[in-house]
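Student: This one is data00.txt, compact mmCIF, N, CA and C atoms and all ligand atoms.
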```txt
# COMPACT_ATOMS: atom_id res chain seq x y z
N MET A 1 153.39 52.43 13.60
CA MET A 1 153.00 53.82 13.81
C MET A 1 153.98 54.79 13.12
N ALA A 2 155.17 54.25 12.75
CA ALA A 2 156.22 55.12 12.21
C ALA A 2 155.74 55.92 10.99
N LYS A 3 154.92 55.29 10.13
CA LYS A 3 154.50 55.97 8.91
C LYS A 3 153.61 57.18 9.20
N TYR A 4 153.05 57.24 10.42
CA TYR A 4 152.16 58.35 10.77
C TYR A 4 152.85 59.41 11.65
N GLU A 5 154.15 59.22 11.87
CA GLU A 5 154.93 60.11 12.73
C GLU A 5 154.67 61.58 12.38
N GLY A 6 154.31 62.39 13.37
CA GLY A 6 154.12 63.83 13.14
C GLY A 6 152.90 64.18 12.31
N LYS A 7 151.94 63.22 12.18
CA LYS A 7 150.73 63.50 11.39
C LYS A 7 149.50 63.45 12.28
N PRO A 8 149.13 64.57 12.89
CA PRO A 8 147.98 64.59 13.81
C PRO A 8 146.69 64.11 13.17
N GLY A 9 146.54 64.33 11.85
CA GLY A 9 145.31 63.93 11.15
C GLY A 9 145.10 62.43 11.10
N ALA A 10 146.15 61.67 11.42
CA ALA A 10 146.05 60.20 11.35
C ALA A 10 145.56 59.60 12.67
N LEU A 11 145.19 60.45 13.62
CA LEU A 11 144.88 59.96 14.97
C LEU A 11 143.85 58.82 14.98
N ILE A 12 142.69 59.03 14.38
CA ILE A 12 141.64 57.99 14.43
C ILE A 12 142.11 56.72 13.74
N HIS A 13 142.80 56.89 12.62
CA HIS A 13 143.30 55.73 11.87
C HIS A 13 144.26 54.91 12.75
N VAL A 14 145.16 55.59 13.43
CA VAL A 14 146.13 54.89 14.29
C VAL A 14 145.40 54.18 15.44
N LEU A 15 144.45 54.88 16.06
CA LEU A 15 143.70 54.27 17.16
C LEU A 15 142.97 53.01 16.66
N MET A 16 142.39 53.09 15.47
CA MET A 16 141.66 51.94 14.94
C MET A 16 142.59 50.76 14.68
N GLU A 17 143.76 51.04 14.12
CA GLU A 17 144.72 49.96 13.85
C GLU A 17 145.14 49.27 15.14
N ILE A 18 145.43 50.07 16.16
CA ILE A 18 145.89 49.49 17.42
C ILE A 18 144.76 48.75 18.13
N GLN A 19 143.56 49.33 18.10
CA GLN A 19 142.40 48.66 18.70
C GLN A 19 142.19 47.30 18.02
N SER A 20 142.30 47.29 16.71
CA SER A 20 142.07 46.06 15.96
C SER A 20 143.11 44.99 16.30
N GLU A 21 144.36 45.38 16.48
CA GLU A 21 145.40 44.41 16.79
C GLU A 21 145.42 44.00 18.26
N ASN A 22 145.22 44.99 19.13
CA ASN A 22 145.43 44.77 20.56
C ASN A 22 144.13 44.56 21.35
N HIS A 23 143.00 44.93 20.72
CA HIS A 23 141.65 44.79 21.30
C HIS A 23 141.35 45.79 22.41
N TRP A 24 142.32 46.60 22.79
CA TRP A 24 142.04 47.71 23.70
C TRP A 24 143.21 48.68 23.64
N LEU A 25 143.06 49.86 24.29
CA LEU A 25 144.06 50.92 24.18
C LEU A 25 144.63 51.26 25.55
N PRO A 26 145.74 50.62 25.92
CA PRO A 26 146.36 50.92 27.22
C PRO A 26 146.88 52.36 27.28
N LYS A 27 146.99 52.88 28.49
CA LYS A 27 147.41 54.27 28.70
C LYS A 27 148.79 54.55 28.09
N GLU A 28 149.72 53.58 28.24
CA GLU A 28 151.06 53.83 27.71
C GLU A 28 151.06 53.96 26.19
N ILE A 29 150.16 53.24 25.53
CA ILE A 29 150.06 53.35 24.07
C ILE A 29 149.47 54.70 23.70
N LEU A 30 148.49 55.16 24.46
CA LEU A 30 147.91 56.48 24.18
C LEU A 30 148.96 57.58 24.36
N ASN A 31 149.81 57.42 25.36
CA ASN A 31 150.91 58.38 25.57
C ASN A 31 151.85 58.39 24.36
N ALA A 32 152.18 57.19 23.87
CA ALA A 32 153.11 57.09 22.73
C ALA A 32 152.49 57.71 21.49
N ILE A 33 151.18 57.49 21.29
CA ILE A 33 150.50 58.08 20.14
C ILE A 33 150.56 59.61 20.23
N SER A 34 150.31 60.11 21.41
CA SER A 34 150.35 61.56 21.63
C SER A 34 151.71 62.13 21.23
N ASP A 35 152.78 61.48 21.70
CA ASP A 35 154.15 61.94 21.41
C ASP A 35 154.45 61.87 19.92
N ARG A 36 154.16 60.72 19.34
CA ARG A 36 154.64 60.48 17.97
C ARG A 36 153.81 61.16 16.90
N LEU A 37 152.53 61.39 17.18
CA LEU A 37 151.70 62.09 16.19
C LEU A 37 151.67 63.60 16.45
N ASN A 38 152.24 63.96 17.62
CA ASN A 38 152.24 65.38 18.01
C ASN A 38 150.80 65.89 18.21
N VAL A 39 150.02 65.10 18.99
CA VAL A 39 148.65 65.47 19.34
C VAL A 39 148.59 65.51 20.87
N PRO A 40 148.01 66.55 21.48
CA PRO A 40 147.94 66.58 22.94
C PRO A 40 147.25 65.34 23.49
N LEU A 41 147.75 64.83 24.63
CA LEU A 41 147.17 63.61 25.22
C LEU A 41 145.67 63.81 25.51
N SER A 42 145.30 65.02 25.90
CA SER A 42 143.88 65.29 26.19
C SER A 42 143.01 65.03 24.96
N ARG A 43 143.53 65.37 23.79
CA ARG A 43 142.78 65.15 22.53
C ARG A 43 142.71 63.65 22.21
N VAL A 44 143.84 62.94 22.44
CA VAL A 44 143.86 61.50 22.19
C VAL A 44 142.83 60.81 23.09
N MET A 45 142.80 61.19 24.37
CA MET A 45 141.87 60.60 25.34
C MET A 45 140.42 60.92 24.95
N GLN A 46 140.22 62.16 24.49
CA GLN A 46 138.87 62.59 24.11
C GLN A 46 138.33 61.71 22.97
N VAL A 47 139.15 61.49 21.96
CA VAL A 47 138.73 60.69 20.81
C VAL A 47 138.57 59.22 21.23
N ALA A 48 139.53 58.71 22.00
CA ALA A 48 139.50 57.29 22.39
C ALA A 48 138.29 56.98 23.28
N SER A 49 137.84 57.94 24.06
CA SER A 49 136.70 57.66 24.93
C SER A 49 135.36 58.02 24.27
N PHE A 50 135.39 58.77 23.17
CA PHE A 50 134.13 59.17 22.52
C PHE A 50 133.54 58.03 21.69
N TYR A 51 134.38 57.36 20.91
CA TYR A 51 133.88 56.34 19.99
C TYR A 51 133.76 54.98 20.67
N LYS A 52 132.60 54.33 20.46
CA LYS A 52 132.35 53.01 21.07
C LYS A 52 133.30 51.94 20.56
N THR A 53 133.85 52.16 19.38
CA THR A 53 134.78 51.21 18.78
C THR A 53 135.99 50.99 19.68
N PHE A 54 136.38 52.05 20.39
CA PHE A 54 137.61 51.98 21.18
C PHE A 54 137.32 51.57 22.62
N SER A 55 138.24 50.79 23.16
CA SER A 55 138.09 50.38 24.56
C SER A 55 139.31 50.80 25.35
N LEU A 56 139.05 51.41 26.51
CA LEU A 56 140.16 51.83 27.38
C LEU A 56 140.40 50.79 28.48
N THR A 57 139.67 49.70 28.43
CA THR A 57 139.89 48.60 29.39
C THR A 57 140.17 47.33 28.60
N PRO A 58 140.87 46.36 29.19
CA PRO A 58 141.23 45.15 28.46
C PRO A 58 140.01 44.40 27.92
N LYS A 59 140.12 43.92 26.70
CA LYS A 59 139.07 43.12 26.07
C LYS A 59 139.68 41.84 25.52
N GLY A 60 138.83 40.83 25.38
CA GLY A 60 139.29 39.57 24.80
C GLY A 60 139.38 39.69 23.28
N ARG A 61 139.94 38.65 22.67
CA ARG A 61 140.00 38.63 21.20
C ARG A 61 138.60 38.58 20.62
N HIS A 62 137.67 37.99 21.39
CA HIS A 62 136.28 37.90 20.96
C HIS A 62 135.39 38.54 22.02
N ARG A 63 134.46 39.36 21.57
CA ARG A 63 133.59 40.08 22.51
C ARG A 63 132.19 39.46 22.48
N ILE A 64 131.79 38.95 23.64
CA ILE A 64 130.46 38.35 23.78
C ILE A 64 129.54 39.37 24.44
N HIS A 65 128.35 39.50 23.89
CA HIS A 65 127.36 40.41 24.45
C HIS A 65 126.06 39.63 24.61
N VAL A 66 125.62 39.46 25.84
CA VAL A 66 124.34 38.77 26.09
C VAL A 66 123.30 39.84 26.40
N CYS A 67 122.20 39.81 25.67
CA CYS A 67 121.17 40.83 25.86
C CYS A 67 120.46 40.63 27.19
N SER A 68 120.27 41.74 27.90
CA SER A 68 119.56 41.67 29.18
C SER A 68 118.26 42.48 29.11
N GLY A 69 117.79 42.74 27.90
CA GLY A 69 116.54 43.48 27.72
C GLY A 69 115.34 42.66 28.16
N THR A 70 114.19 43.33 28.28
CA THR A 70 112.99 42.69 28.82
C THR A 70 112.56 41.46 28.01
N SER A 71 112.51 41.61 26.69
CA SER A 71 112.08 40.47 25.86
C SER A 71 112.99 39.27 26.04
N CYS A 72 114.29 39.54 26.00
CA CYS A 72 115.24 38.43 26.16
C CYS A 72 115.16 37.86 27.57
N HIS A 73 114.95 38.73 28.54
CA HIS A 73 114.81 38.27 29.93
C HIS A 73 113.64 37.29 30.04
N LEU A 74 112.51 37.66 29.44
CA LEU A 74 111.33 36.80 29.51
C LEU A 74 111.54 35.48 28.76
N ARG A 75 112.47 35.48 27.84
CA ARG A 75 112.72 34.27 27.04
C ARG A 75 113.91 33.46 27.56
N GLY A 76 114.43 33.84 28.72
CA GLY A 76 115.47 32.99 29.32
C GLY A 76 116.88 33.54 29.28
N ALA A 77 117.03 34.87 29.21
CA ALA A 77 118.37 35.46 29.12
C ALA A 77 119.22 35.19 30.37
N ASP A 78 118.58 35.10 31.55
CA ASP A 78 119.35 34.85 32.78
C ASP A 78 120.04 33.49 32.72
N GLU A 79 119.27 32.52 32.26
CA GLU A 79 119.82 31.16 32.16
C GLU A 79 120.95 31.13 31.12
N LEU A 80 120.72 31.85 30.02
CA LEU A 80 121.74 31.92 28.96
C LEU A 80 123.02 32.56 29.51
N LEU A 81 122.86 33.67 30.22
CA LEU A 81 124.03 34.36 30.78
C LEU A 81 124.78 33.46 31.76
N ASN A 82 124.04 32.73 32.59
CA ASN A 82 124.70 31.81 33.54
C ASN A 82 125.53 30.78 32.80
N SER A 83 124.97 30.25 31.72
CA SER A 83 125.70 29.23 30.95
C SER A 83 126.97 29.82 30.34
N VAL A 84 126.85 31.04 29.79
CA VAL A 84 128.03 31.68 29.18
C VAL A 84 129.08 31.94 30.25
N GLN A 85 128.66 32.47 31.38
CA GLN A 85 129.61 32.76 32.47
C GLN A 85 130.33 31.50 32.93
N GLU A 86 129.58 30.42 33.01
CA GLU A 86 130.17 29.16 33.46
C GLU A 86 131.19 28.64 32.44
N LEU A 87 130.81 28.70 31.17
CA LEU A 87 131.69 28.18 30.12
C LEU A 87 132.96 29.01 29.96
N VAL A 88 132.80 30.32 29.99
CA VAL A 88 133.95 31.21 29.75
C VAL A 88 134.75 31.41 31.04
N GLY A 89 134.08 31.30 32.16
CA GLY A 89 134.77 31.42 33.45
C GLY A 89 134.93 32.85 33.92
N VAL A 90 134.10 33.76 33.43
CA VAL A 90 134.15 35.16 33.89
C VAL A 90 132.72 35.66 34.09
N LYS A 91 132.62 36.73 34.86
CA LYS A 91 131.34 37.43 35.03
C LYS A 91 131.25 38.54 33.97
N ALA A 92 130.04 39.06 33.81
CA ALA A 92 129.85 40.18 32.87
C ALA A 92 130.76 41.34 33.27
N GLY A 93 131.41 41.94 32.28
CA GLY A 93 132.31 43.06 32.53
C GLY A 93 133.76 42.61 32.67
N GLU A 94 134.01 41.30 32.56
CA GLU A 94 135.38 40.79 32.75
C GLU A 94 135.93 40.18 31.46
N VAL A 95 137.22 39.93 31.48
CA VAL A 95 137.89 39.24 30.37
C VAL A 95 138.57 38.01 30.95
N ASP A 96 138.59 36.90 30.21
CA ASP A 96 139.18 35.68 30.77
C ASP A 96 140.71 35.75 30.78
N ALA A 97 141.32 34.83 31.50
CA ALA A 97 142.76 34.87 31.74
C ALA A 97 143.56 34.77 30.44
N ASP A 98 143.03 34.08 29.42
CA ASP A 98 143.73 33.94 28.14
C ASP A 98 143.42 35.08 27.18
N ALA A 99 142.61 36.04 27.65
CA ALA A 99 142.15 37.14 26.80
C ALA A 99 141.47 36.62 25.53
N ARG A 100 140.81 35.46 25.66
CA ARG A 100 140.08 34.91 24.50
C ARG A 100 138.71 35.59 24.39
N PHE A 101 138.02 35.69 25.53
CA PHE A 101 136.69 36.28 25.53
C PHE A 101 136.58 37.40 26.55
N SER A 102 135.81 38.44 26.20
CA SER A 102 135.32 39.36 27.21
C SER A 102 133.80 39.31 27.12
N LEU A 103 133.16 39.50 28.26
CA LEU A 103 131.71 39.30 28.34
C LEU A 103 131.04 40.58 28.81
N GLU A 104 129.98 40.94 28.10
CA GLU A 104 129.22 42.13 28.47
C GLU A 104 127.73 41.82 28.40
N THR A 105 126.96 42.60 29.14
CA THR A 105 125.50 42.51 29.02
C THR A 105 124.99 43.91 28.72
N GLY A 106 123.74 43.99 28.36
CA GLY A 106 123.14 45.29 28.07
C GLY A 106 121.96 45.09 27.17
N CYS A 107 121.13 46.11 27.06
CA CYS A 107 119.95 45.96 26.24
C CYS A 107 119.75 47.20 25.39
N CYS A 108 118.94 47.13 24.40
CA CYS A 108 118.51 45.87 23.80
C CYS A 108 119.27 45.75 22.49
N LEU A 109 119.42 44.56 21.95
CA LEU A 109 120.26 44.37 20.78
C LEU A 109 119.47 44.52 19.48
N GLY A 110 118.19 44.80 19.62
CA GLY A 110 117.39 45.14 18.44
C GLY A 110 116.73 43.98 17.72
N SER A 111 116.83 42.78 18.25
CA SER A 111 116.18 41.62 17.61
C SER A 111 115.35 40.89 18.66
N CYS A 112 114.46 41.61 19.30
CA CYS A 112 113.74 41.09 20.46
C CYS A 112 113.01 39.78 20.18
N THR A 113 112.47 39.63 18.98
CA THR A 113 111.72 38.40 18.70
C THR A 113 112.65 37.19 18.60
N LEU A 114 113.95 37.44 18.55
CA LEU A 114 114.91 36.33 18.43
C LEU A 114 115.55 35.98 19.78
N GLY A 115 115.02 36.56 20.86
CA GLY A 115 115.62 36.32 22.17
C GLY A 115 115.40 34.92 22.68
N PRO A 116 116.22 34.47 23.62
CA PRO A 116 117.35 35.22 24.16
C PRO A 116 118.49 35.29 23.16
N GLU A 117 119.14 36.43 23.14
CA GLU A 117 120.13 36.65 22.09
C GLU A 117 121.52 36.93 22.64
N MET A 118 122.50 36.42 21.88
CA MET A 118 123.90 36.68 22.20
C MET A 118 124.59 37.13 20.91
N ILE A 119 125.45 38.12 21.02
CA ILE A 119 126.24 38.55 19.87
C ILE A 119 127.70 38.26 20.17
N VAL A 120 128.40 37.65 19.23
CA VAL A 120 129.85 37.44 19.38
C VAL A 120 130.52 38.09 18.18
N ASP A 121 131.38 39.08 18.46
CA ASP A 121 132.09 39.81 17.40
C ASP A 121 131.12 40.31 16.33
N GLY A 122 129.97 40.78 16.76
CA GLY A 122 129.00 41.35 15.82
C GLY A 122 128.09 40.33 15.17
N GLU A 123 128.32 39.05 15.42
CA GLU A 123 127.49 38.01 14.81
C GLU A 123 126.36 37.63 15.77
N HIS A 124 125.12 37.71 15.28
CA HIS A 124 123.95 37.45 16.13
C HIS A 124 123.66 35.96 16.23
N HIS A 125 123.39 35.54 17.47
CA HIS A 125 122.96 34.15 17.71
C HIS A 125 121.64 34.25 18.47
N GLY A 126 120.55 34.08 17.75
CA GLY A 126 119.24 34.25 18.35
C GLY A 126 118.63 32.94 18.79
N ARG A 127 117.55 33.06 19.61
CA ARG A 127 116.85 31.89 20.17
C ARG A 127 117.87 30.88 20.69
N LEU A 128 118.81 31.40 21.45
CA LEU A 128 119.94 30.56 21.88
C LEU A 128 119.63 29.88 23.21
N SER A 129 119.60 28.58 23.18
CA SER A 129 119.37 27.83 24.42
C SER A 129 120.71 27.58 25.09
N SER A 130 120.67 27.38 26.39
CA SER A 130 121.90 27.17 27.16
C SER A 130 122.71 25.99 26.65
N ASP A 131 122.01 24.96 26.20
CA ASP A 131 122.75 23.77 25.77
C ASP A 131 123.44 23.95 24.41
N ARG A 132 123.17 25.07 23.73
CA ARG A 132 123.84 25.32 22.44
C ARG A 132 125.00 26.29 22.55
N VAL A 133 125.19 26.88 23.74
CA VAL A 133 126.22 27.92 23.90
C VAL A 133 127.62 27.38 23.59
N GLU A 134 127.93 26.23 24.12
CA GLU A 134 129.27 25.66 23.93
C GLU A 134 129.56 25.45 22.45
N GLU A 135 128.55 24.94 21.76
CA GLU A 135 128.69 24.68 20.32
C GLU A 135 128.99 25.99 19.56
N VAL A 136 128.35 27.07 19.97
CA VAL A 136 128.58 28.36 19.32
C VAL A 136 129.97 28.89 19.65
N LEU A 137 130.32 28.87 20.94
CA LEU A 137 131.60 29.49 21.36
C LEU A 137 132.83 28.74 20.86
N LYS A 138 132.70 27.45 20.58
CA LYS A 138 133.89 26.71 20.14
C LYS A 138 134.36 27.18 18.75
N ASN A 139 133.52 27.94 18.05
CA ASN A 139 133.92 28.46 16.73
C ASN A 139 134.82 29.69 16.83
N TYR A 140 135.03 30.18 18.05
CA TYR A 140 135.85 31.39 18.25
C TYR A 140 137.14 31.01 18.99
N ALA A 141 138.22 30.87 18.24
CA ALA A 141 139.48 30.40 18.83
C ALA A 141 140.20 31.51 19.57
S1 LIG B 201 115.41 42.66 24.44
FE1 LIG B 201 116.99 41.42 23.69
S2 LIG B 201 117.17 42.00 21.61
FE2 LIG B 201 115.62 43.30 22.42
```
What would you get if you wrote out this structure as structure tokens?
Tutor:
Amino acid sequence: MAKYEGKPGALIHVLMEIQSENHWLPKEILNAISDRLNVPLSRVMQVASFYKTFSLTPKGRHRIHVCSGTSCHLRGADELLNSVQELVGVKAGEVDADARFSLETGCCLGSCTLGPEMIVDGEHHGRLSSDRVEEVLKNYA
């Protein structure tokens, strides 16, 4: 962050770098950014909470998103979600103890004909059966 010291215009860039390395933005880091870039904390919080890229809660190194939309639901999304929860060991909205995965649900991911669908780090895995979940997740260390 030293290279951006006293440069308020670098705020988004700094937030993106830290989000990318740390996977979320803890309060103490936001305080440090405010001090070192000379930007009011209220402005830092406003930007950090506006953009979906940034997370103010802990996230894993890999973000899993299981679609819970109607099409995916009809195609077996509940069963898929159960398998993911069992394999990763967390419920939706949580991060595992090793911070390897965080799990989210929500709809719709925009590929309804490919349901049930899971996205990991932006990569779509469509028509995903429960017995293939482990095979997919083992590719994310
Ligand atoms: S309902 Fe799942 S992608 Fe649309």
Student: Around ligand LIG 201 (chain B), out to 7 Å and counting all atoms listed in the file, which residues are there? I want them as an MDAnalysis selection string.
Tutor: chainID A and resid 67:73 107:117
Student: Find the residues of segment 15-60 of chain A that sit at most 10 Å from segment 101-105 of chain A; for each, write down the nearest two atoms and how far apart they are in Å, to one decimal. Count only C-alpha atoms. Sort by chain, then by number going up, and give it as JSON lines.
Tutor:
```
{"residue": "A:Pro58", "atom": "CA", "partner": "A:Ser102", "partner_atom": "CA", "distance": 8.4}
{"residue": "A:Lys59", "atom": "CA", "partner": "A:Ser102", "partner_atom": "CA", "distance": 5.4}
{"residue": "A:Gly60", "atom": "CA", "partner": "A:Phe101", "partner_atom": "CA", "distance": 4.3}
```
Student: Hey, what's within 8 Å of His23 of chain A if we count all atoms listed in the file and toss same-chain stuff fewer than 5 positions away? As a list of chain:residue names, please?
Tutor: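 That gives A:Glu17, A:Ile18, A:Thr53, A:Phe54, A:Ser55, A:Leu56, A:Thr57, A:Pro58, A:Lys59, A:Gly60, A:Arg61, A:His62.
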Student: So which one's closest to Ala48 of chain A, A:Leu81, A:Arg36, A:Glu86, A:Ile12? Using only N, CA and C atoms, please.
Tutor: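 Among the listed residues, the smallest separation from Ala48 of chain A belongs to A:Ile12.
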Student: Among segment 3-137 of chain A, which ones does DSSP assign to helix (DSSP H, G or I) (computed from the backbone)? Answer as a compact mmCIF listing (two decimals) with N, CA and C atoms, keeping the file's coordinate frame.
Tutor:
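Wrote it out as result29.txt, contents follow:
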```txt
# COMPACT_ATOMS: atom_id res chain seq x y z
N LYS A 3 154.92 55.29 10.13
CA LYS A 3 154.50 55.97 8.91
C LYS A 3 153.61 57.18 9.20
N TYR A 4 153.05 57.24 10.42
CA TYR A 4 152.16 58.35 10.77
C TYR A 4 152.85 59.41 11.65
N PRO A 8 149.13 64.57 12.89
CA PRO A 8 147.98 64.59 13.81
C PRO A 8 146.69 64.11 13.17
N GLY A 9 146.54 64.33 11.85
CA GLY A 9 145.31 63.93 11.15
C GLY A 9 145.10 62.43 11.10
N ALA A 10 146.15 61.67 11.42
CA ALA A 10 146.05 60.20 11.35
C ALA A 10 145.56 59.60 12.67
N LEU A 11 145.19 60.45 13.62
CA LEU A 11 144.88 59.96 14.97
C LEU A 11 143.85 58.82 14.98
N ILE A 12 142.69 59.03 14.38
CA ILE A 12 141.64 57.99 14.43
C ILE A 12 142.11 56.72 13.74
N HIS A 13 142.80 56.89 12.62
CA HIS A 13 143.30 55.73 11.87
C HIS A 13 144.26 54.91 12.75
N VAL A 14 145.16 55.59 13.43
CA VAL A 14 146.13 54.89 14.29
C VAL A 14 145.40 54.18 15.44
N LEU A 15 144.45 54.88 16.06
CA LEU A 15 143.70 54.27 17.16
C LEU A 15 142.97 53.01 16.66
N MET A 16 142.39 53.09 15.47
CA MET A 16 141.66 51.94 14.94
C MET A 16 142.59 50.76 14.68
N GLU A 17 143.76 51.04 14.12
CA GLU A 17 144.72 49.96 13.85
C GLU A 17 145.14 49.27 15.14
N ILE A 18 145.43 50.07 16.16
CA ILE A 18 145.89 49.49 17.42
C ILE A 18 144.76 48.75 18.13
N GLN A 19 143.56 49.33 18.10
CA GLN A 19 142.40 48.66 18.70
C GLN A 19 142.19 47.30 18.02
N SER A 20 142.30 47.29 16.71
CA SER A 20 142.07 46.06 15.96
C SER A 20 143.11 44.99 16.30
N GLU A 21 144.36 45.38 16.48
CA GLU A 21 145.40 44.41 16.79
C GLU A 21 145.42 44.00 18.26
N ASN A 22 145.22 44.99 19.13
CA ASN A 22 145.43 44.77 20.56
C ASN A 22 144.13 44.56 21.35
N LYS A 27 146.99 52.88 28.49
CA LYS A 27 147.41 54.27 28.70
C LYS A 27 148.79 54.55 28.09
N GLU A 28 149.72 53.58 28.24
CA GLU A 28 151.06 53.83 27.71
C GLU A 28 151.06 53.96 26.19
N ILE A 29 150.16 53.24 25.53
CA ILE A 29 150.06 53.35 24.07
C ILE A 29 149.47 54.70 23.70
N LEU A 30 148.49 55.16 24.46
CA LEU A 30 147.91 56.48 24.18
C LEU A 30 148.96 57.58 24.36
N ASN A 31 149.81 57.42 25.36
CA ASN A 31 150.91 58.38 25.57
C ASN A 31 151.85 58.39 24.36
N ALA A 32 152.18 57.19 23.87
CA ALA A 32 153.11 57.09 22.73
C ALA A 32 152.49 57.71 21.49
N ILE A 33 151.18 57.49 21.29
CA ILE A 33 150.50 58.08 20.14
C ILE A 33 150.56 59.61 20.23
N SER A 34 150.31 60.11 21.41
CA SER A 34 150.35 61.56 21.63
C SER A 34 151.71 62.13 21.23
N ASP A 35 152.78 61.48 21.70
CA ASP A 35 154.15 61.94 21.41
C ASP A 35 154.45 61.87 19.92
N ARG A 36 154.16 60.72 19.34
CA ARG A 36 154.64 60.48 17.97
C ARG A 36 153.81 61.16 16.90
N LEU A 37 152.53 61.39 17.18
CA LEU A 37 151.70 62.09 16.19
C LEU A 37 151.67 63.60 16.45
N LEU A 41 147.75 64.83 24.63
CA LEU A 41 147.17 63.61 25.22
C LEU A 41 145.67 63.81 25.51
N SER A 42 145.30 65.02 25.90
CA SER A 42 143.88 65.29 26.19
C SER A 42 143.01 65.03 24.96
N ARG A 43 143.53 65.37 23.79
CA ARG A 43 142.78 65.15 22.53
C ARG A 43 142.71 63.65 22.21
N VAL A 44 143.84 62.94 22.44
CA VAL A 44 143.86 61.50 22.19
C VAL A 44 142.83 60.81 23.09
N MET A 45 142.80 61.19 24.37
CA MET A 45 141.87 60.60 25.34
C MET A 45 140.42 60.92 24.95
N GLN A 46 140.22 62.16 24.49
CA GLN A 46 138.87 62.59 24.11
C GLN A 46 138.33 61.71 22.97
N VAL A 47 139.15 61.49 21.96
CA VAL A 47 138.73 60.69 20.81
C VAL A 47 138.57 59.22 21.23
N ALA A 48 139.53 58.71 22.00
CA ALA A 48 139.50 57.29 22.39
C ALA A 48 138.29 56.98 23.28
N SER A 49 137.84 57.94 24.06
CA SER A 49 136.70 57.66 24.93
C SER A 49 135.36 58.02 24.27
N PHE A 50 135.39 58.77 23.17
CA PHE A 50 134.13 59.17 22.52
C PHE A 50 133.54 58.03 21.69
N THR A 70 114.19 43.33 28.28
CA THR A 70 112.99 42.69 28.82
C THR A 70 112.56 41.46 28.01
N SER A 71 112.51 41.61 26.69
CA SER A 71 112.08 40.47 25.86
C SER A 71 112.99 39.27 26.04
N CYS A 72 114.29 39.54 26.00
CA CYS A 72 115.24 38.43 26.16
C CYS A 72 115.16 37.86 27.57
N HIS A 73 114.95 38.73 28.54
CA HIS A 73 114.81 38.27 29.93
C HIS A 73 113.64 37.29 30.04
N LEU A 74 112.51 37.66 29.44
CA LEU A 74 111.33 36.80 29.51
C LEU A 74 111.54 35.48 28.76
N ALA A 77 117.03 34.87 29.21
CA ALA A 77 118.37 35.46 29.12
C ALA A 77 119.22 35.19 30.37
N ASP A 78 118.58 35.10 31.55
CA ASP A 78 119.35 34.85 32.78
C ASP A 78 120.04 33.49 32.72
N GLU A 79 119.27 32.52 32.26
CA GLU A 79 119.82 31.16 32.16
C GLU A 79 120.95 31.13 31.12
N LEU A 80 120.72 31.85 30.02
CA LEU A 80 121.74 31.92 28.96
C LEU A 80 123.02 32.56 29.51
N LEU A 81 122.86 33.67 30.22
CA LEU A 81 124.03 34.36 30.78
C LEU A 81 124.78 33.46 31.76
N ASN A 82 124.04 32.73 32.59
CA ASN A 82 124.70 31.81 33.54
C ASN A 82 125.53 30.78 32.80
N SER A 83 124.97 30.25 31.72
CA SER A 83 125.70 29.23 30.95
C SER A 83 126.97 29.82 30.34
N VAL A 84 126.85 31.04 29.79
CA VAL A 84 128.03 31.68 29.18
C VAL A 84 129.08 31.94 30.25
N GLN A 85 128.66 32.47 31.38
CA GLN A 85 129.61 32.76 32.47
C GLN A 85 130.33 31.50 32.93
N GLU A 86 129.58 30.42 33.01
CA GLU A 86 130.17 29.16 33.46
C GLU A 86 131.19 28.64 32.44
N LEU A 87 130.81 28.70 31.17
CA LEU A 87 131.69 28.18 30.12
C LEU A 87 132.96 29.01 29.96
N VAL A 88 132.80 30.32 29.99
CA VAL A 88 133.95 31.21 29.75
C VAL A 88 134.75 31.41 31.04
N CYS A 112 114.46 41.61 19.30
CA CYS A 112 113.74 41.09 20.46
C CYS A 112 113.01 39.78 20.18
N THR A 113 112.47 39.63 18.98
CA THR A 113 111.72 38.40 18.70
C THR A 113 112.65 37.19 18.60
N LEU A 114 113.95 37.44 18.55
CA LEU A 114 114.91 36.33 18.43
C LEU A 114 115.55 35.98 19.78
N SER A 130 120.67 27.38 26.39
CA SER A 130 121.90 27.17 27.16
C SER A 130 122.71 25.99 26.65
N ASP A 131 122.01 24.96 26.20
CA ASP A 131 122.75 23.77 25.77
C ASP A 131 123.44 23.95 24.41
N ARG A 132 123.17 25.07 23.73
CA ARG A 132 123.84 25.32 22.44
C ARG A 132 125.00 26.29 22.55
N VAL A 133 125.19 26.88 23.74
CA VAL A 133 126.22 27.92 23.90
C VAL A 133 127.62 27.38 23.59
N GLU A 134 127.93 26.23 24.12
CA GLU A 134 129.27 25.66 23.93
C GLU A 134 129.56 25.45 22.45
N GLU A 135 128.55 24.94 21.76
CA GLU A 135 128.69 24.68 20.32
C GLU A 135 128.99 25.99 19.56
N VAL A 136 128.35 27.07 19.97
CA VAL A 136 128.58 28.36 19.32
C VAL A 136 129.97 28.89 19.65
N LEU A 137 130.32 28.87 20.94
CA LEU A 137 131.60 29.49 21.36
C LEU A 137 132.83 28.74 20.86
```
Student: If we count only C-alpha atoms, what is near segment 6-11 of chain A at a cut-off of 7 Å, once residues fewer than 2 positions away on the same chain are taken out, given as a short mmCIF file (atom, residue, chain, number, x, y, z; two decimals) with N, CA and C atoms, in the coordinates of the input?
Tutor:
```cif
data_model
loop_
_atom_site.label_atom_id
_atom_site.label_comp_id
_atom_site.auth_asym_id
_atom_site.auth_seq_id
_atom_site.Cartn_x
_atom_site.Cartn_y
_atom_site.Cartn_z
N TYR A 4 153.05 57.24 10.42
CA TYR A 4 152.16 58.35 10.77
C TYR A 4 152.85 59.41 11.65
N HIS A 13 142.80 56.89 12.62
CA HIS A 13 143.30 55.73 11.87
C HIS A 13 144.26 54.91 12.75
N VAL A 14 145.16 55.59 13.43
CA VAL A 14 146.13 54.89 14.29
C VAL A 14 145.40 54.18 15.44
N LEU A 15 144.45 54.88 16.06
CA LEU A 15 143.70 54.27 17.16
C LEU A 15 142.97 53.01 16.66
N ARG A 36 154.16 60.72 19.34
CA ARG A 36 154.64 60.48 17.97
C ARG A 36 153.81 61.16 16.90
N LEU A 37 152.53 61.39 17.18
CA LEU A 37 151.70 62.09 16.19
C LEU A 37 151.67 63.60 16.45
N ASN A 38 152.24 63.96 17.62
CA ASN A 38 152.24 65.38 18.01
C ASN A 38 150.80 65.89 18.21
N VAL A 39 150.02 65.10 18.99
CA VAL A 39 148.65 65.47 19.34
C VAL A 39 148.59 65.51 20.87
#
```
